[in-house]
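Dropping query08.csv in here (CSV, C-alpha atoms):
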```csv
chain,number,residue,atom,x,y,z
A,1,GLU,CA,-55.5,58.9,-10.0
A,2,ALA,CA,-55.5,61.6,-12.7
A,3,GLU,CA,-53.1,61.0,-15.6
A,4,VAL,CA,-51.8,62.8,-18.6
A,5,ALA,CA,-53.2,61.1,-21.8
A,6,GLN,CA,-51.3,60.9,-25.1
A,7,SER,CA,-52.1,59.4,-28.4
A,8,PRO,CA,-51.1,57.6,-30.4
A,9,ARG,CA,-48.7,55.5,-28.4
A,10,TYR,CA,-46.7,54.5,-31.5
A,11,LYS,CA,-46.5,56.1,-34.9
A,12,ILE,CA,-44.5,54.9,-37.9
A,13,THR,CA,-44.3,57.2,-40.9
A,14,GLU,CA,-42.2,57.9,-44.0
A,15,LYS,CA,-40.1,60.9,-44.3
A,16,SER,CA,-41.7,64.0,-45.8
A,17,GLN,CA,-45.1,62.9,-44.4
A,18,ALA,CA,-47.0,64.9,-41.8
A,19,VAL,CA,-47.6,63.5,-38.3
A,20,ALA,CA,-49.6,64.8,-35.3
A,21,PHE,CA,-49.6,63.9,-31.6
A,22,TRP,CA,-52.3,64.7,-29.1
A,23,CYS,CA,-52.0,65.4,-25.3
A,24,ASP,CA,-54.7,65.8,-22.7
A,25,PRO,CA,-53.2,67.1,-19.4
A,26,ILE,CA,-54.4,66.5,-15.9
A,27,SER,CA,-57.6,68.4,-15.4
A,28,GLY,CA,-56.9,71.9,-14.0
A,29,HIS,CA,-53.2,72.0,-14.9
A,30,ALA,CA,-52.5,75.3,-16.6
A,31,THR,CA,-49.0,74.5,-17.7
A,32,LEU,CA,-48.4,72.0,-20.5
A,33,TYR,CA,-45.0,70.9,-21.9
A,34,TRP,CA,-43.9,68.9,-24.9
A,35,TYR,CA,-40.5,67.2,-24.6
A,36,ARG,CA,-38.6,65.2,-27.1
A,37,GLN,CA,-36.4,62.3,-25.9
A,38,ILE,CA,-33.9,60.7,-28.2
A,39,LEU,CA,-33.0,57.1,-27.4
A,40,GLY,CA,-30.4,57.0,-24.6
A,41,GLN,CA,-30.8,60.7,-23.7
A,42,GLY,CA,-32.9,62.7,-21.3
A,43,PRO,CA,-36.0,64.6,-22.4
A,44,GLU,CA,-35.5,68.1,-23.9
A,45,LEU,CA,-38.1,70.8,-23.9
A,46,LEU,CA,-39.7,71.6,-27.3
A,47,VAL,CA,-42.5,74.0,-26.2
A,48,GLN,CA,-44.2,75.2,-23.0
A,49,PHE,CA,-47.8,76.5,-22.7
A,50,GLN,CA,-49.4,78.5,-19.9
A,51,ASP,CA,-53.1,78.1,-20.6
A,52,GLU,CA,-53.4,78.8,-24.3
A,53,SER,CA,-50.2,80.9,-24.6
A,54,VAL,CA,-46.8,79.8,-25.6
A,55,VAL,CA,-44.3,80.6,-22.8
A,56,ASP,CA,-41.2,79.1,-24.4
A,57,ASP,CA,-40.7,77.6,-27.9
A,58,SER,CA,-37.1,78.6,-28.3
A,59,GLN,CA,-36.1,74.9,-28.9
A,60,LEU,CA,-38.9,74.1,-31.3
A,61,PRO,CA,-37.8,73.7,-35.0
A,62,LYS,CA,-40.4,76.1,-36.3
A,63,ASP,CA,-39.7,75.4,-39.9
A,64,ARG,CA,-41.3,72.0,-39.5
A,65,PHE,CA,-42.8,71.8,-36.0
A,66,SER,CA,-45.9,73.5,-34.7
A,67,ALA,CA,-47.9,73.2,-31.5
A,68,GLU,CA,-51.2,74.6,-30.3
A,69,ARG,CA,-53.4,74.6,-27.3
A,70,LEU,CA,-56.4,76.5,-28.5
A,71,LYS,CA,-58.7,76.3,-25.5
A,72,GLY,CA,-56.0,76.0,-22.9
A,73,VAL,CA,-56.8,72.3,-22.3
A,74,ASP,CA,-55.5,69.7,-24.7
A,75,SER,CA,-52.7,70.2,-27.1
A,76,THR,CA,-51.5,69.0,-30.5
A,77,LEU,CA,-47.9,68.8,-31.7
A,78,LYS,CA,-47.4,68.6,-35.5
A,79,ILE,CA,-44.4,67.8,-37.6
A,80,GLN,CA,-44.5,68.5,-41.4
A,81,PRO,CA,-42.5,67.2,-43.1
A,82,ALA,CA,-41.1,64.5,-40.9
A,83,GLU,CA,-37.4,63.8,-41.2
A,84,LEU,CA,-35.3,60.7,-40.2
A,85,GLY,CA,-33.8,62.6,-37.3
A,86,ASP,CA,-37.2,63.2,-35.8
A,87,SER,CA,-37.4,59.6,-34.7
A,88,ALA,CA,-37.8,59.8,-30.9
A,89,MET,CA,-40.2,59.6,-28.0
A,90,TYR,CA,-42.4,62.7,-27.7
A,91,LEU,CA,-43.5,63.3,-24.1
A,92,CYS,CA,-46.2,65.5,-22.8
A,93,ALA,CA,-46.3,66.8,-19.2
A,94,SER,CA,-48.5,69.0,-17.2
A,95,SER,CA,-48.1,70.9,-13.9
A,96,SER,CA,-49.9,73.2,-11.6
A,97,TRP,CA,-48.3,75.4,-9.0
A,98,ALA,CA,-51.3,74.7,-6.8
A,99,ASP,CA,-50.4,71.0,-6.8
A,100,MET,CA,-47.8,70.5,-4.1
A,101,GLY,CA,-46.9,74.2,-4.2
A,102,THR,CA,-44.1,73.4,-6.7
A,103,ASP,CA,-43.9,72.8,-10.4
A,104,THR,CA,-43.8,69.1,-10.2
A,105,GLN,CA,-44.5,67.8,-13.7
A,106,TYR,CA,-46.6,64.7,-14.5
A,107,PHE,CA,-45.7,62.9,-17.7
A,108,GLY,CA,-47.9,61.0,-20.1
A,109,PRO,CA,-46.8,57.6,-21.5
A,110,GLY,CA,-45.3,59.2,-24.6
A,111,THR,CA,-45.6,58.7,-28.4
A,112,ARG,CA,-42.8,56.7,-30.0
A,113,LEU,CA,-42.2,58.1,-33.5
A,114,THR,CA,-40.3,56.1,-36.1
A,115,VAL,CA,-39.5,57.9,-39.4
A,116,LEU,CA,-38.6,55.6,-42.2
B,1,SER,CA,-28.3,71.8,-23.7
B,2,GLN,CA,-28.3,69.5,-20.7
B,3,GLN,CA,-27.9,70.8,-17.2
B,4,GLY,CA,-27.6,67.6,-15.2
B,5,GLU,CA,-25.2,64.8,-15.7
B,6,GLU,CA,-25.8,61.5,-13.9
B,7,ASP,CA,-23.1,59.1,-12.8
B,8,PRO,CA,-22.7,56.2,-13.3
B,9,GLN,CA,-24.3,55.8,-16.8
B,10,ALA,CA,-25.2,52.2,-15.9
B,11,LEU,CA,-25.4,50.3,-12.7
B,12,SER,CA,-26.0,46.6,-12.1
B,13,ILE,CA,-26.7,45.2,-8.7
B,14,GLN,CA,-28.4,42.2,-6.9
B,15,GLU,CA,-31.7,42.4,-5.2
B,16,GLY,CA,-31.5,43.6,-1.7
B,17,GLU,CA,-28.4,45.8,-2.3
B,18,ASN,CA,-28.4,49.5,-2.2
B,19,ALA,CA,-28.1,51.6,-5.4
B,20,THR,CA,-26.6,55.1,-5.4
B,21,MET,CA,-26.8,57.5,-8.4
B,22,ASN,CA,-25.2,60.9,-8.5
B,23,CYS,CA,-26.2,64.0,-10.4
B,24,SER,CA,-24.2,67.1,-11.1
B,25,TYR,CA,-25.5,70.3,-12.5
B,26,LYS,CA,-24.1,73.6,-13.7
B,27,THR,CA,-26.2,76.6,-12.7
B,28,SER,CA,-28.1,77.7,-9.6
B,29,ILE,CA,-31.5,76.0,-9.1
B,30,ASN,CA,-34.7,76.4,-7.2
B,31,ASN,CA,-35.2,72.7,-6.9
B,32,LEU,CA,-34.0,69.4,-8.2
B,33,GLN,CA,-36.2,66.4,-9.0
B,34,TRP,CA,-35.6,62.7,-9.7
B,35,TYR,CA,-37.7,60.8,-12.2
B,36,ARG,CA,-37.8,57.1,-13.1
B,37,GLN,CA,-38.5,55.8,-16.6
B,38,ASN,CA,-39.3,52.2,-17.3
B,39,SER,CA,-38.2,51.0,-20.8
B,40,GLY,CA,-40.3,52.7,-23.5
B,41,ARG,CA,-42.6,54.4,-21.0
B,42,GLY,CA,-43.2,57.9,-19.7
B,43,LEU,CA,-41.4,59.4,-16.7
B,44,VAL,CA,-42.7,58.9,-13.1
B,45,HIS,CA,-41.9,61.6,-10.5
B,46,LEU,CA,-40.0,60.2,-7.5
B,47,ILE,CA,-39.0,63.1,-5.3
B,48,LEU,CA,-38.4,66.8,-5.3
B,49,ILE,CA,-35.8,68.5,-3.1
B,50,ARG,CA,-35.7,72.3,-2.8
B,51,SER,CA,-32.5,74.3,-2.9
B,52,ASN,CA,-32.7,75.1,0.8
B,53,GLU,CA,-33.1,71.4,1.8
B,54,ARG,CA,-30.1,69.0,2.3
B,55,GLU,CA,-31.8,65.7,2.6
B,56,LYS,CA,-35.2,64.1,1.9
B,57,HIS,CA,-36.7,60.7,2.3
B,58,SER,CA,-39.6,58.9,0.6
B,59,GLY,CA,-40.0,55.2,1.4
B,60,ARG,CA,-36.9,53.5,0.2
B,61,LEU,CA,-35.6,56.6,-1.5
B,62,ARG,CA,-33.1,59.1,0.0
B,63,VAL,CA,-32.0,62.2,-1.8
B,64,THR,CA,-29.3,64.6,-0.8
B,65,LEU,CA,-28.5,67.9,-2.3
B,66,ASP,CA,-25.2,69.9,-2.0
B,67,THR,CA,-25.7,73.3,-3.6
B,68,SER,CA,-22.1,74.3,-2.9
B,69,LYS,CA,-20.9,71.4,-5.0
B,70,LYS,CA,-23.9,71.5,-7.4
B,71,SER,CA,-24.6,67.9,-6.9
B,72,SER,CA,-27.3,65.5,-5.7
B,73,SER,CA,-27.5,61.8,-5.0
B,74,LEU,CA,-30.3,59.3,-5.1
B,75,LEU,CA,-30.1,56.3,-2.8
B,76,ILE,CA,-32.4,53.3,-3.3
B,77,THR,CA,-32.2,51.0,-0.4
B,78,ALA,CA,-33.0,47.2,-0.4
B,79,SER,CA,-33.5,47.3,-4.2
B,80,ARG,CA,-36.0,45.1,-6.0
B,81,ALA,CA,-36.2,43.7,-9.5
B,82,ALA,CA,-39.0,46.2,-10.1
B,83,ASP,CA,-36.6,49.1,-9.5
B,84,THR,CA,-35.0,48.2,-12.9
B,85,ALA,CA,-35.4,51.4,-14.9
B,86,SER,CA,-33.6,54.6,-16.0
B,87,TYR,CA,-33.3,57.3,-13.4
B,88,PHE,CA,-33.0,61.0,-14.4
B,89,CYS,CA,-32.3,64.1,-12.3
B,90,ALA,CA,-34.0,67.2,-13.5
B,91,THR,CA,-33.4,70.8,-12.5
B,92,ASP,CA,-35.2,74.0,-13.1
B,93,ALA,CA,-33.0,76.9,-14.1
B,94,PRO,CA,-33.9,80.6,-13.9
B,95,GLN,CA,-33.4,81.1,-17.5
B,96,ALA,CA,-35.6,78.1,-18.4
B,97,GLY,CA,-38.6,79.3,-16.5
B,98,THR,CA,-40.4,76.3,-15.1
B,99,ALA,CA,-39.4,73.8,-17.7
B,100,LEU,CA,-37.1,71.0,-16.5
B,101,ILE,CA,-33.6,70.3,-17.8
B,102,PHE,CA,-32.8,66.6,-17.6
B,103,GLY,CA,-29.5,64.7,-17.5
B,104,LYS,CA,-28.8,61.7,-19.6
B,105,GLY,CA,-29.8,59.3,-16.9
B,106,THR,CA,-28.5,56.3,-15.1
B,107,THR,CA,-29.7,52.9,-16.2
B,108,LEU,CA,-30.2,50.6,-13.2
B,109,SER,CA,-30.5,46.9,-13.5
B,110,VAL,CA,-31.5,44.8,-10.5
B,111,SER,CA,-31.2,41.1,-10.8
B,112,SER,CA,-32.9,38.5,-8.6
```

Spit out the file's structure as structure tokens when you get a sec.
Amino acid sequence: EAEVAQSPRYKITEKSQAVAFWCDPISGHATLYWYRQILGQGPELLVQFQDESVVDDSQLPKDRFSAERLKGVDSTLKIQPAELGDSAMYLCASSSWADMGTDTQYFGPGTRLTVL
Amino acid sequence: SQQGEEDPQALSIQEGENATMNCSYKTSINNLQWYRQNSGRGLVHLILIRSNEREKHSGRLRVTLDTSKKSSSLLITASRAADTASYFCATDAPQAGTALIFGKGTTLSVSS
């Protein structure tokens, strides 16, 4: 069964350092999402791509966060510099309208970021 | 901001019992989805119900949707220890495009 891949699974960094997360969506899925999930909360959208274009990045803290999906396939989310409040689970999801005729999203295992 | 709110926040039951979780949301929706998340892991899609549907079944899962009350419920019948997880409802919203808006979740603990 096709899955969304993410790496690394865990990342520990010191504040002010740069970190990057990678996501490889299910093959053929045009839509890719990055969510952030703080412990005890539900995920919240950071950025949404349709192919290589950003559809929604209204909740992305653009002073320190950046995201790209250059070839419309895999994606990278970067934080520079990291702050203590960035400690969270970063989840990637992908979807395809052609899959089930709805926008069901399939999630990767996530990257757990700890900022010290 | 969060659209959905699950109730209760936490639920503890014995194996074999049924578990019911509720979700309320604020704005009109196209569909509502339920996801499960095991501790420290990603989310797994359980079931999707469209706004024109009232009830849907999948195995031991039963979901209802009442758009007039802006609420949904997830029933897990004959629960098992493996059902221990957090459960989230997620809605789309016209202003959010296709991105999902999640509630805070219900943490279910099933003891054997």

At most 12 Å to chain A: residues in chain B, all atoms listed in the file, as a PyMOL selection string: chain B and resi 1-6+9-10+30-50+86-92+95-107

Point-to-point distance from atom CA of B:Ile29 to atom CA of A:Ser96, Å rounded to tenths: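 Distance reported for this atom pair: 18.8 Å.
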
For stretch 65-72 of chain A: contacts at 12 Å, all atoms listed in the file, fewer than 3 positions along chain excluded, given as a VMD selection string: chain A and resid 18 to 36 46 to 62 75 to 83 86 92 94

Residue nearest B:Lys56 among B:Ser73, B:Ser109, B:Ser24, B:Ser68 (counting only C-alpha atoms): B:Ser73

Rebuild N, CA and C atoms on stretch 40-54 of chain A, as a short mmCIF file (atom, residue, chain, number, x, y, z; two decimals), in the coordinates of the input?
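File produced: rebuild_0.cif:
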```
data_model
loop_
_atom_site.label_atom_id
_atom_site.label_comp_id
_atom_site.auth_asym_id
_atom_site.auth_seq_id
_atom_site.Cartn_x
_atom_site.Cartn_y
_atom_site.Cartn_z
N GLY A 40 -31.59 56.96 -25.39
CA GLY A 40 -30.40 57.00 -24.60
C GLY A 40 -30.07 58.40 -24.05
N GLN A 41 -30.98 59.34 -24.24
CA GLN A 41 -30.80 60.70 -23.70
C GLN A 41 -31.94 61.06 -22.79
N GLY A 42 -31.78 62.18 -22.10
CA GLY A 42 -32.90 62.70 -21.30
C GLY A 42 -33.81 63.53 -22.16
N PRO A 43 -35.02 63.77 -21.69
CA PRO A 43 -36.00 64.60 -22.40
C PRO A 43 -35.44 66.05 -22.58
N GLU A 44 -35.80 66.67 -23.69
CA GLU A 44 -35.50 68.10 -23.90
C GLU A 44 -36.72 68.83 -24.30
N LEU A 45 -36.89 69.99 -23.72
CA LEU A 45 -38.10 70.80 -23.90
C LEU A 45 -38.22 71.23 -25.39
N LEU A 46 -39.41 71.06 -25.95
CA LEU A 46 -39.70 71.60 -27.30
C LEU A 46 -40.54 72.92 -27.09
N VAL A 47 -41.60 72.83 -26.29
CA VAL A 47 -42.50 74.00 -26.20
C VAL A 47 -43.22 73.89 -24.82
N GLN A 48 -43.49 75.06 -24.24
CA GLN A 48 -44.20 75.20 -23.00
C GLN A 48 -45.38 76.13 -23.16
N PHE A 49 -46.55 75.70 -22.67
CA PHE A 49 -47.80 76.50 -22.70
C PHE A 49 -48.16 76.89 -21.27
N GLN A 50 -48.65 78.10 -21.11
CA GLN A 50 -49.40 78.50 -19.90
C GLN A 50 -50.76 78.84 -20.39
N ASP A 51 -51.72 78.01 -19.99
CA ASP A 51 -53.10 78.10 -20.60
C ASP A 51 -52.92 77.97 -22.09
N GLU A 52 -53.44 78.92 -22.86
CA GLU A 52 -53.40 78.80 -24.30
C GLU A 52 -52.16 79.50 -24.91
N SER A 53 -51.36 80.13 -24.08
CA SER A 53 -50.20 80.90 -24.60
C SER A 53 -48.93 80.18 -24.54
N VAL A 54 -48.14 80.39 -25.57
CA VAL A 54 -46.80 79.80 -25.60
C VAL A 54 -45.88 80.62 -24.70
#
```
